[in-house]
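Shown below: coords.csv, with CSV, C-alpha atoms.
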```csv
chain,number,residue,atom,x,y,z
A,1,MET,CA,-3.6,-1.4,7.8
A,2,LYS,CA,-6.6,-1.0,10.1
A,3,GLN,CA,-10.0,-1.1,8.4
A,4,ILE,CA,-9.7,2.6,7.8
A,5,VAL,CA,-11.8,2.6,4.7
A,6,LEU,CA,-14.8,1.1,6.4
A,7,SER,CA,-15.2,4.2,8.4
A,8,PHE,CA,-13.9,7.0,6.2
A,9,VAL,CA,-17.4,8.4,5.8
A,10,MET,CA,-17.5,9.0,9.5
A,11,LEU,CA,-14.0,10.5,9.2
A,12,PHE,CA,-15.2,13.0,6.6
A,13,ALA,CA,-18.1,13.9,8.8
A,14,ILE,CA,-15.8,14.7,11.7
A,15,GLN,CA,-13.6,16.7,9.5
A,16,PHE,CA,-16.6,18.7,8.3
A,17,LEU,CA,-17.4,19.6,11.9
A,18,PHE,CA,-13.8,20.8,12.4
A,19,ALA,CA,-13.3,22.5,9.1
A,20,GLN,CA,-9.8,23.7,8.3
A,21,GLU,CA,-8.5,26.6,6.3
A,22,GLU,CA,-8.3,26.2,2.5
A,23,LEU,CA,-4.8,25.8,1.2
A,24,VAL,CA,-3.5,26.5,-2.3
A,25,PHE,CA,-0.7,24.3,-3.7
A,26,THR,CA,1.9,24.7,-6.4
A,27,VAL,CA,3.3,21.5,-7.9
A,28,ILE,CA,7.1,21.4,-7.8
A,29,LYS,CA,7.6,18.0,-9.4
A,30,GLU,CA,5.1,15.3,-10.1
A,31,ASN,CA,6.3,12.0,-11.6
A,32,PRO,CA,4.2,9.9,-14.0
A,33,HIS,CA,1.3,7.9,-12.4
A,34,THR,CA,-2.0,6.5,-13.4
A,35,GLY,CA,-5.3,8.0,-12.3
A,36,ALA,CA,-6.7,7.3,-8.8
A,37,LYS,CA,-8.8,4.2,-8.4
A,38,ASN,CA,-11.4,3.4,-5.7
A,39,GLN,CA,-10.9,0.5,-3.2
A,40,GLN,CA,-14.5,1.3,-2.0
A,41,GLN,CA,-15.4,-0.6,1.1
A,42,ALA,CA,-12.6,-3.2,1.1
A,43,GLY,CA,-9.4,-3.0,3.2
A,44,THR,CA,-7.2,-3.4,0.1
A,45,CYS,CA,-5.2,-0.1,0.1
A,46,TRP,CA,-2.0,-2.1,0.2
A,47,SER,CA,-2.8,-3.6,-3.2
A,48,PHE,CA,-4.1,-0.4,-4.7
A,49,ALA,CA,-1.1,1.6,-3.6
A,50,THR,CA,1.4,-0.9,-4.7
A,51,THR,CA,-0.3,-1.7,-8.0
A,52,SER,CA,-0.2,2.1,-8.7
A,53,PHE,CA,3.5,2.1,-7.8
A,54,VAL,CA,4.1,-0.8,-10.3
A,55,GLU,CA,2.3,1.1,-13.0
A,56,SER,CA,4.5,4.1,-12.4
A,57,GLU,CA,7.6,1.9,-12.4
A,58,LEU,CA,6.6,0.5,-15.8
A,59,MET,CA,6.3,4.1,-17.2
A,60,ARG,CA,9.6,5.0,-15.6
A,61,ILE,CA,11.4,2.3,-17.5
A,62,GLY,CA,9.8,3.3,-20.8
A,63,GLU,CA,6.8,1.0,-20.9
A,64,LYS,CA,3.3,2.2,-21.9
A,65,GLU,CA,0.7,3.2,-19.3
A,66,MET,CA,-1.1,0.1,-18.1
A,67,ASP,CA,-4.1,-0.6,-15.9
A,68,LEU,CA,-3.3,-3.6,-13.8
A,69,SER,CA,-5.7,-5.6,-11.7
A,70,GLU,CA,-5.4,-4.8,-8.0
A,71,LEU,CA,-7.8,-7.6,-7.1
A,72,PHE,CA,-5.6,-10.2,-8.8
A,73,PHE,CA,-3.1,-9.6,-6.0
A,74,VAL,CA,-5.8,-9.5,-3.4
A,75,TYR,CA,-7.1,-12.9,-4.5
A,76,TYR,CA,-3.7,-14.6,-4.3
A,77,ALA,CA,-2.8,-12.9,-1.0
A,78,TYR,CA,-5.7,-14.7,0.6
A,79,VAL,CA,-4.4,-18.0,-0.7
A,80,MET,CA,-1.0,-17.2,0.8
A,81,LYS,CA,-2.6,-16.0,4.1
A,82,MET,CA,-4.5,-19.3,4.4
A,83,GLU,CA,-1.4,-21.4,4.0
A,84,ASN,CA,0.5,-19.1,6.4
A,85,TYR,CA,-2.2,-19.3,9.0
A,86,ILE,CA,-2.4,-23.1,8.8
A,87,ARG,CA,1.3,-23.6,9.0
A,88,LEU,CA,1.6,-21.3,12.0
A,89,HIS,CA,-1.2,-23.3,13.8
A,90,GLY,CA,-3.6,-20.4,13.8
A,91,THR,CA,-1.3,-17.9,15.4
A,92,ALA,CA,-0.8,-15.6,12.4
A,93,ASN,CA,-2.6,-12.4,11.5
A,94,PHE,CA,-5.5,-13.0,9.1
A,95,SER,CA,-7.2,-9.8,7.9
A,96,GLN,CA,-7.8,-7.7,4.8
A,97,GLY,CA,-4.6,-5.7,5.3
A,98,GLY,CA,-1.2,-6.2,3.9
A,99,GLN,CA,2.0,-4.7,2.8
A,100,ALA,CA,3.6,-3.6,-0.5
A,101,HIS,CA,6.0,-6.6,-0.7
A,102,GLU,CA,3.1,-8.9,-1.1
A,103,VAL,CA,2.4,-7.6,-4.6
A,104,PHE,CA,5.9,-8.5,-5.7
A,105,MET,CA,5.8,-11.9,-4.1
A,106,ILE,CA,2.6,-12.6,-6.0
A,107,LEU,CA,4.1,-11.2,-9.2
A,108,ASP,CA,6.8,-13.8,-9.0
A,109,GLU,CA,4.6,-16.7,-7.8
A,110,TYR,CA,1.4,-16.2,-9.7
A,111,GLY,CA,1.9,-13.4,-12.3
A,112,ALA,CA,-0.4,-10.5,-13.1
A,113,MET,CA,-3.4,-9.5,-15.1
A,114,PRO,CA,-4.8,-6.3,-16.6
A,115,GLU,CA,-7.9,-4.9,-15.1
A,116,SER,CA,-9.8,-5.8,-18.3
A,117,ALA,CA,-9.2,-9.5,-17.6
A,118,PHE,CA,-10.1,-9.5,-13.9
A,119,ASP,CA,-11.8,-6.7,-12.0
A,120,GLY,CA,-12.4,-8.7,-8.8
A,121,TYR,CA,-16.2,-8.2,-8.8
A,122,ALA,CA,-18.6,-11.1,-8.4
A,123,PRO,CA,-21.2,-11.2,-11.2
A,124,GLY,CA,-23.7,-8.5,-10.6
A,125,ASP,CA,-21.6,-6.6,-8.0
A,126,ASP,CA,-20.1,-3.2,-8.5
A,127,VAL,CA,-18.8,-2.4,-5.0
A,128,TYR,CA,-15.8,-3.9,-3.3
A,129,ASN,CA,-16.8,-5.1,0.2
A,130,HIS,CA,-14.8,-8.0,1.6
A,131,THR,CA,-16.1,-8.1,5.2
A,132,GLU,CA,-18.2,-11.2,4.7
A,133,MET,CA,-15.6,-12.9,2.5
A,134,GLU,CA,-12.8,-12.3,5.1
A,135,SER,CA,-15.0,-13.6,7.9
A,136,VAL,CA,-15.8,-16.8,5.9
A,137,LEU,CA,-12.2,-17.4,5.0
A,138,HIS,CA,-10.9,-16.7,8.5
A,139,SER,CA,-13.5,-19.1,10.0
A,140,MET,CA,-12.4,-21.8,7.6
A,141,ALA,CA,-8.7,-21.0,8.5
A,142,LYS,CA,-9.5,-21.5,12.2
A,143,VAL,CA,-11.0,-24.9,11.5
A,144,TYR,CA,-8.1,-26.1,9.4
A,145,ALA,CA,-5.6,-24.9,12.1
A,146,LYS,CA,-7.6,-26.5,14.9
A,147,ASN,CA,-7.8,-29.8,13.1
A,148,LYS,CA,-4.0,-29.9,12.8
A,149,LYS,CA,-4.4,-32.0,9.6
A,150,PRO,CA,-5.8,-29.6,7.0
A,151,GLY,CA,-5.8,-32.3,4.3
A,152,LYS,CA,-5.2,-31.7,0.6
A,153,TYR,CA,-8.3,-29.6,-0.2
A,154,TRP,CA,-7.6,-26.4,1.7
A,155,LYS,CA,-6.3,-24.5,-1.3
A,156,ASP,CA,-9.2,-25.6,-3.6
A,157,ALA,CA,-11.7,-24.7,-0.9
A,158,THR,CA,-10.1,-21.3,-0.4
A,159,MET,CA,-10.1,-20.5,-4.1
A,160,ALA,CA,-13.7,-21.7,-4.4
A,161,ILE,CA,-14.8,-19.1,-1.8
A,162,LEU,CA,-12.7,-16.4,-3.5
A,163,ASP,CA,-14.4,-17.3,-6.8
A,164,ILE,CA,-17.8,-16.8,-5.3
A,165,TYR,CA,-17.0,-13.4,-3.8
A,166,MET,CA,-14.5,-12.1,-6.4
A,167,GLY,CA,-15.5,-13.8,-9.6
A,168,ILE,CA,-13.8,-16.5,-11.5
A,169,MET,CA,-10.3,-15.6,-12.8
A,170,PRO,CA,-9.7,-16.6,-16.4
A,171,ASP,CA,-6.9,-19.1,-17.3
A,172,LYS,CA,-6.3,-17.2,-20.5
A,173,PHE,CA,-7.1,-13.7,-21.7
A,174,ASN,CA,-6.5,-11.4,-24.6
A,175,TYR,CA,-4.7,-8.1,-24.2
A,176,LYS,CA,-4.1,-5.8,-27.1
A,177,LYS,CA,-4.6,-8.6,-29.6
A,178,ALA,CA,-2.3,-11.0,-27.9
A,179,ASP,CA,-3.1,-14.0,-25.8
A,180,TYR,CA,-1.7,-14.5,-22.3
A,181,ASP,CA,-2.0,-16.3,-19.1
A,182,ALA,CA,-1.1,-14.6,-15.8
A,183,VAL,CA,2.5,-15.8,-15.8
A,184,SER,CA,3.3,-15.0,-19.4
A,185,PHE,CA,1.7,-11.5,-19.0
A,186,ARG,CA,3.9,-10.8,-16.0
A,187,LYS,CA,7.0,-12.0,-17.9
A,188,GLU,CA,6.3,-9.9,-21.1
A,189,MET,CA,4.4,-6.9,-19.8
A,190,VAL,CA,5.6,-6.4,-16.2
A,191,PRO,CA,9.4,-6.7,-16.6
A,192,LEU,CA,10.3,-5.6,-13.1
A,193,LYS,CA,12.8,-7.5,-10.9
A,194,SER,CA,11.6,-8.0,-7.4
A,195,ASP,CA,15.1,-8.0,-6.0
A,196,ASP,CA,15.5,-4.4,-7.0
A,197,TYR,CA,12.9,-3.2,-4.5
A,198,VAL,CA,13.4,-2.6,-0.7
A,199,GLN,CA,11.5,-1.4,2.3
A,200,ILE,CA,12.7,1.5,4.5
A,201,THR,CA,11.6,2.5,8.0
A,202,SER,CA,13.0,4.7,10.8
A,203,PHE,CA,12.6,3.6,14.4
A,204,THR,CA,15.0,3.5,17.4
A,205,HIS,CA,14.0,0.2,19.0
A,206,HIS,CA,16.4,-1.5,16.5
A,207,PRO,CA,19.9,-0.3,15.5
A,208,PHE,CA,20.1,2.1,12.6
A,209,TYR,CA,21.4,0.5,9.4
A,210,SER,CA,20.2,-2.9,10.5
A,211,ARG,CA,17.5,-4.9,8.8
A,212,PHE,CA,14.6,-6.1,11.0
A,213,ARG,CA,11.1,-7.6,10.8
A,214,LEU,CA,8.9,-4.5,11.3
A,215,GLU,CA,6.5,-5.3,14.1
A,216,ILE,CA,3.1,-4.4,12.6
A,217,PRO,CA,0.2,-6.8,12.2
A,218,ASP,CA,0.0,-6.5,8.4
A,219,ASN,CA,3.6,-7.6,8.0
A,220,TRP,CA,2.2,-11.1,8.5
A,221,LEU,CA,4.9,-12.6,6.3
A,222,GLY,CA,7.6,-11.2,8.6
A,223,PHE,CA,9.5,-9.3,5.9
A,224,PRO,CA,12.6,-7.3,6.8
A,225,TYR,CA,12.9,-3.5,6.5
A,226,TYR,CA,16.0,-1.4,6.4
A,227,ASN,CA,16.3,1.0,9.3
A,228,VAL,CA,17.6,4.5,8.8
A,229,THR,CA,17.5,7.8,10.6
A,230,LEU,CA,14.6,10.2,10.2
A,231,ASP,CA,16.7,12.7,8.3
A,232,GLU,CA,17.9,9.9,6.0
A,233,MET,CA,14.4,8.7,5.4
A,234,MET,CA,13.4,12.2,4.3
A,235,GLU,CA,16.5,12.4,2.2
A,236,ILE,CA,15.5,9.2,0.5
A,237,ILE,CA,12.0,10.5,-0.3
A,238,ASP,CA,13.4,13.7,-1.8
A,239,TYR,CA,16.1,12.0,-3.8
A,240,ALA,CA,13.6,9.5,-5.2
A,241,ILE,CA,11.2,12.1,-6.4
A,242,GLU,CA,13.9,14.4,-7.8
A,243,ASN,CA,15.3,11.5,-9.8
A,244,GLY,CA,12.0,10.3,-11.3
A,245,PHE,CA,11.0,7.6,-8.9
A,246,THR,CA,7.8,7.2,-6.9
A,247,ILE,CA,7.2,5.4,-3.5
A,248,ALA,CA,4.6,3.2,-2.0
A,249,TRP,CA,4.0,5.0,1.3
A,250,ASP,CA,2.6,3.3,4.5
A,251,GLY,CA,1.6,5.5,7.4
A,252,ASP,CA,-0.9,6.7,9.9
A,253,VAL,CA,-3.9,8.7,8.7
A,254,SER,CA,-5.8,8.9,12.0
A,255,GLU,CA,-4.8,12.5,12.8
A,256,GLU,CA,-7.5,15.2,12.6
A,257,GLY,CA,-5.3,17.1,10.2
A,258,PHE,CA,-5.6,14.3,7.6
A,259,ASP,CA,-8.4,15.7,5.5
A,260,HIS,CA,-8.7,13.9,2.1
A,261,ARG,CA,-11.8,15.9,1.2
A,262,ALA,CA,-9.9,19.2,1.6
A,263,GLY,CA,-7.0,17.6,-0.2
A,264,TYR,CA,-4.2,17.8,2.4
A,265,ALA,CA,-2.7,16.3,5.6
A,266,ILE,CA,-1.1,18.6,8.2
A,267,LEU,CA,-0.2,18.3,11.8
A,268,GLY,CA,-2.1,20.4,14.3
A,269,GLU,CA,-0.7,22.8,16.9
A,270,ASP,CA,-1.2,20.2,19.6
A,271,ASP,CA,0.4,17.3,17.8
A,272,PRO,CA,3.9,16.2,18.8
A,273,LYS,CA,6.8,17.7,16.9
A,274,PRO,CA,8.2,15.5,14.1
A,275,THR,CA,11.3,14.2,15.9
A,276,GLN,CA,12.9,10.8,15.9
A,277,GLU,CA,12.0,10.4,19.6
A,278,ASN,CA,8.3,11.4,19.1
A,279,ARG,CA,8.0,9.0,16.1
A,280,GLN,CA,9.2,6.2,18.3
A,281,GLN,CA,6.9,7.1,21.2
A,282,LEU,CA,3.8,7.3,19.0
A,283,PHE,CA,4.8,3.9,17.5
A,284,ASP,CA,5.4,2.3,20.9
A,285,ASP,CA,2.0,3.7,22.2
A,286,PHE,CA,0.1,2.4,19.1
A,287,LEU,CA,-0.7,6.0,18.2
A,288,SER,CA,1.1,5.7,14.9
A,289,THR,CA,0.0,2.5,13.1
A,290,ASP,CA,0.0,1.3,9.5
A,291,ASP,CA,-3.4,2.6,8.8
A,292,HIS,CA,-3.2,3.1,5.1
A,293,LEU,CA,-0.9,2.6,2.1
A,294,MET,CA,-0.9,5.3,-0.6
A,295,HIS,CA,1.4,6.2,-3.5
A,296,LEU,CA,3.8,9.1,-3.1
A,297,VAL,CA,4.4,10.7,-6.5
A,298,GLY,CA,5.6,14.2,-6.2
A,299,ILE,CA,6.5,17.4,-4.3
A,300,SER,CA,4.5,20.6,-3.9
A,301,LYS,CA,4.4,23.8,-1.8
A,302,ASP,CA,1.7,26.0,-0.3
A,303,GLU,CA,1.4,29.8,-0.6
A,304,ASP,CA,3.9,30.3,2.3
A,305,GLY,CA,6.5,28.1,0.6
A,306,ASN,CA,6.0,25.2,3.0
A,307,LYS,CA,6.9,21.8,1.5
A,308,TYR,CA,4.4,19.1,0.8
A,309,TYR,CA,4.4,15.7,-0.8
A,310,ILE,CA,1.8,14.7,-3.5
A,311,ILE,CA,0.0,11.5,-2.5
A,312,LYS,CA,-2.2,9.4,-4.7
A,313,ASN,CA,-5.0,7.9,-2.6
A,314,SER,CA,-7.3,5.1,-3.5
A,315,TRP,CA,-10.7,6.6,-2.5
A,316,GLY,CA,-11.7,7.5,-6.1
A,317,THR,CA,-11.6,10.9,-7.8
A,318,LYS,CA,-14.8,12.6,-6.7
A,319,LEU,CA,-14.1,13.3,-3.0
A,320,ASN,CA,-11.9,16.3,-3.4
A,321,ASP,CA,-10.8,18.8,-6.0
A,322,TYR,CA,-7.5,17.1,-6.8
A,323,GLU,CA,-8.8,14.0,-8.6
A,324,GLY,CA,-8.0,11.8,-5.7
A,325,LEU,CA,-4.6,13.2,-4.9
A,326,LEU,CA,-3.8,15.0,-1.7
A,327,HIS,CA,-0.9,17.1,-0.4
A,328,MET,CA,0.8,15.9,2.8
A,329,SER,CA,3.0,18.3,4.7
A,330,GLU,CA,6.7,17.5,5.3
A,331,ASP,CA,6.1,17.4,9.1
A,332,TYR,CA,3.2,15.0,8.7
A,333,VAL,CA,5.4,12.7,6.6
A,334,LYS,CA,8.2,12.9,9.2
A,335,LEU,CA,6.0,12.0,12.1
A,336,LYS,CA,3.5,9.6,10.6
A,337,THR,CA,5.4,7.5,8.0
A,338,ILE,CA,5.6,3.9,9.0
A,339,SER,CA,7.6,2.6,6.0
A,340,LEU,CA,8.5,3.2,2.3
A,341,PHE,CA,8.7,0.7,-0.5
A,342,LEU,CA,10.8,1.8,-3.5
A,343,HIS,CA,13.5,0.9,-6.0
A,344,LYS,CA,16.9,0.6,-4.5
A,345,ASP,CA,18.3,3.0,-7.1
A,346,ALA,CA,16.0,5.6,-5.6
A,347,ILE,CA,18.2,5.7,-2.5
A,348,PRO,CA,21.2,7.9,-2.3
A,349,LYS,CA,24.5,6.1,-2.7
A,350,GLU,CA,25.8,7.0,0.7
A,351,ILE,CA,22.7,5.6,2.4
A,352,ARG,CA,22.8,2.5,0.3
A,353,GLU,CA,26.3,1.9,1.5
A,354,LYS,CA,25.3,2.3,5.1
A,355,ILE,CA,22.6,-0.3,4.9
A,356,GLY,CA,24.7,-2.7,2.7
A,357,LEU,CA,22.8,-2.4,-0.5
```
Show me the file's structure as structure tokens.
Amino acid sequence: MKQIVLSFVMLFAIQFLFAQEELVFTVIKENPHTGAKNQQQAGTCWSFATTSFVESELMRIGEKEMDLSELFFVYYAYVMKMENYIRLHGTANFSQGGQAHEVFMILDEYGAMPESAFDGYAPGDDVYNHTEMESVLHSMAKVYAKNKKPGKYWKDATMAILDIYMGIMPDKFNYKKADYDAVSFRKEMVPLKSDDYVQITSFTHHPFYSRFRLEIPDNWLGFPYYNVTLDEMMEIIDYAIENGFTIAWDGDVSEEGFDHRAGYAILGEDDPKPTQENRQQLFDDFLSTDDHLMHLVGISKDEDGNKYYIIKNSWGTKLNDYEGLLHMSEDYVKLKTISLFLHKDAIPKEIREKIGL
């Protein structure tokens, strides 16, 4: 995930200069989801998208709507990144970006908290901006890696910096008249099994139906993704939505046709056709990158009957007329999707068998 949010104001200015036609959408199916949040000036879309996905998963299995803390996962992701960077002698990626699987790793390792217990703001702050914090942490990571003997205080030092910039996380908290810590809250209130969730992609530089480490900088943990054909990837999306599931979507939003303010994302006439070959070429040429994670929650159509997917963004609710949602064309999804994160039951049986699930 490039630091797309740090320049989205400039993006909107460009889109204003190249204004596109107004489109009218009809919702075909929209699965339960919470309201759009705002990651503000922090590169934390991975956590906002996946936390939203977790909230939808809880509703899907019959739990009540919940407002989880996105910044809880961000906090512990930095702890994990520090250790990873040190153990790999300073050769790992260290940035604000990440992938959906990190949220589930942190759920299992550290737990979870509601937003009411930890909002991730330092005292007196009301805007997320992690540029300085990331620089301080990265500089410290370089020192530890260079020294080759990081000692026993690297974790305490990392968390001390996080406490300054993100606020001190409570050991205990009260939620709906019950007391929890992060681990007990995860166990009782977020009863999802991490092993039930998988990542899907579609590229030709690895065999279809294999599982490989997707080569993007934000996959700093080297997690594997299942590789399917483009047609099968789209079949998975449709099957998931039709059967009540949602998806954490990772993709490229650098195209001029991605217009959050207008509320839609489309390909232009000069953009490549959404074929398997063109997807691969754009990925190979770094023209399709994992810019941004969002939450895919439904299907819609425009006045001409063209198919779109309903996407929940994390840029707040005031930038467009859709309360922070947008409609992404089927062709845009075909060409610009990097990966999907979803429940394995959201995948058609025939495809599950092909990839060995």
Exercise for review: Choose the residue, out of A:Ile241, A:Leu267, A:Val333, A:Leu58, that has the smallest atom-to-atom separation from A:Val297; count all atoms listed in the file.
Suggested key: A:Ile241
Point to revise | Distance criterion (all atoms listed in the file): nearest to A:Lys37 out of A:Leu71, A:Val24, A:Leu287, A:Val190 | key: A:Leu71
May I have the protein, DNA and RNA residues with any atom at most 12 Å from the point (-6.3, -23.8, 6.5), counting only C-alpha atoms, written as a PDB file with C-alpha atoms, keeping the file's coordinate frame?
```pdb
ATOM      1  CA  TYR A  78      -5.700 -14.700   0.600  1.00  0.00           C
ATOM      2  CA  VAL A  79      -4.400 -18.000  -0.700  1.00  0.00           C
ATOM      3  CA  MET A  80      -1.000 -17.200   0.800  1.00  0.00           C
ATOM      4  CA  LYS A  81      -2.600 -16.000   4.100  1.00  0.00           C
ATOM      5  CA  MET A  82      -4.500 -19.300   4.400  1.00  0.00           C
ATOM      6  CA  GLU A  83      -1.400 -21.400   4.000  1.00  0.00           C
ATOM      7  CA  ASN A  84       0.500 -19.100   6.400  1.00  0.00           C
ATOM      8  CA  TYR A  85      -2.200 -19.300   9.000  1.00  0.00           C
ATOM      9  CA  ILE A  86      -2.400 -23.100   8.800  1.00  0.00           C
ATOM     10  CA  ARG A  87       1.300 -23.600   9.000  1.00  0.00           C
ATOM     11  CA  LEU A  88       1.600 -21.300  12.000  1.00  0.00           C
ATOM     12  CA  HIS A  89      -1.200 -23.300  13.800  1.00  0.00           C
ATOM     13  CA  GLY A  90      -3.600 -20.400  13.800  1.00  0.00           C
ATOM     14  CA  THR A  91      -1.300 -17.900  15.400  1.00  0.00           C
ATOM     15  CA  ALA A  92      -0.800 -15.600  12.400  1.00  0.00           C
ATOM     16  CA  PHE A  94      -5.500 -13.000   9.100  1.00  0.00           C
ATOM     17  CA  VAL A 136     -15.800 -16.800   5.900  1.00  0.00           C
ATOM     18  CA  LEU A 137     -12.200 -17.400   5.000  1.00  0.00           C
ATOM     19  CA  HIS A 138     -10.900 -16.700   8.500  1.00  0.00           C
ATOM     20  CA  SER A 139     -13.500 -19.100  10.000  1.00  0.00           C
ATOM     21  CA  MET A 140     -12.400 -21.800   7.600  1.00  0.00           C
ATOM     22  CA  ALA A 141      -8.700 -21.000   8.500  1.00  0.00           C
ATOM     23  CA  LYS A 142      -9.500 -21.500  12.200  1.00  0.00           C
ATOM     24  CA  VAL A 143     -11.000 -24.900  11.500  1.00  0.00           C
ATOM     25  CA  TYR A 144      -8.100 -26.100   9.400  1.00  0.00           C
ATOM     26  CA  ALA A 145      -5.600 -24.900  12.100  1.00  0.00           C
ATOM     27  CA  LYS A 146      -7.600 -26.500  14.900  1.00  0.00           C
ATOM     28  CA  ASN A 147      -7.800 -29.800  13.100  1.00  0.00           C
ATOM     29  CA  LYS A 148      -4.000 -29.900  12.800  1.00  0.00           C
ATOM     30  CA  LYS A 149      -4.400 -32.000   9.600  1.00  0.00           C
ATOM     31  CA  PRO A 150      -5.800 -29.600   7.000  1.00  0.00           C
ATOM     32  CA  GLY A 151      -5.800 -32.300   4.300  1.00  0.00           C
ATOM     33  CA  LYS A 152      -5.200 -31.700   0.600  1.00  0.00           C
ATOM     34  CA  TYR A 153      -8.300 -29.600  -0.200  1.00  0.00           C
ATOM     35  CA  TRP A 154      -7.600 -26.400   1.700  1.00  0.00           C
ATOM     36  CA  LYS A 155      -6.300 -24.500  -1.300  1.00  0.00           C
ATOM     37  CA  ASP A 156      -9.200 -25.600  -3.600  1.00  0.00           C
ATOM     38  CA  ALA A 157     -11.700 -24.700  -0.900  1.00  0.00           C
ATOM     39  CA  THR A 158     -10.100 -21.300  -0.400  1.00  0.00           C
ATOM     40  CA  MET A 159     -10.100 -20.500  -4.100  1.00  0.00           C
TER      41      MET A 159
END
```
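If you look at atom CA of A:Glu350 and atom CA of A:Ile236, they are 10.5 Å away from each other.
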Point to revise | Residue list as a ChimeraX atom specification for point (4.3, -13.9, -17.7), cut-off 10 Å, only C-alpha atoms | key: /A:107-108,110-113,180-191
Point to revise | Point-to-point distance in Å for atom CA of A:Pro123 and atom CA of A:His295 | key: 29.5 Å
Review point. Contacts of A:Met59 at 12 Å or less, counting only C-alpha atoms, minus same-chain residues fewer than 2 places along, as a PyMOL selection string?
Key: chain A and resi 31-34+52-57+61-67+189-192+244-246
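One distance worth recording is that between atom CA of A:Gly251 and atom CA of A:Gly97, which is 13.0 Å.
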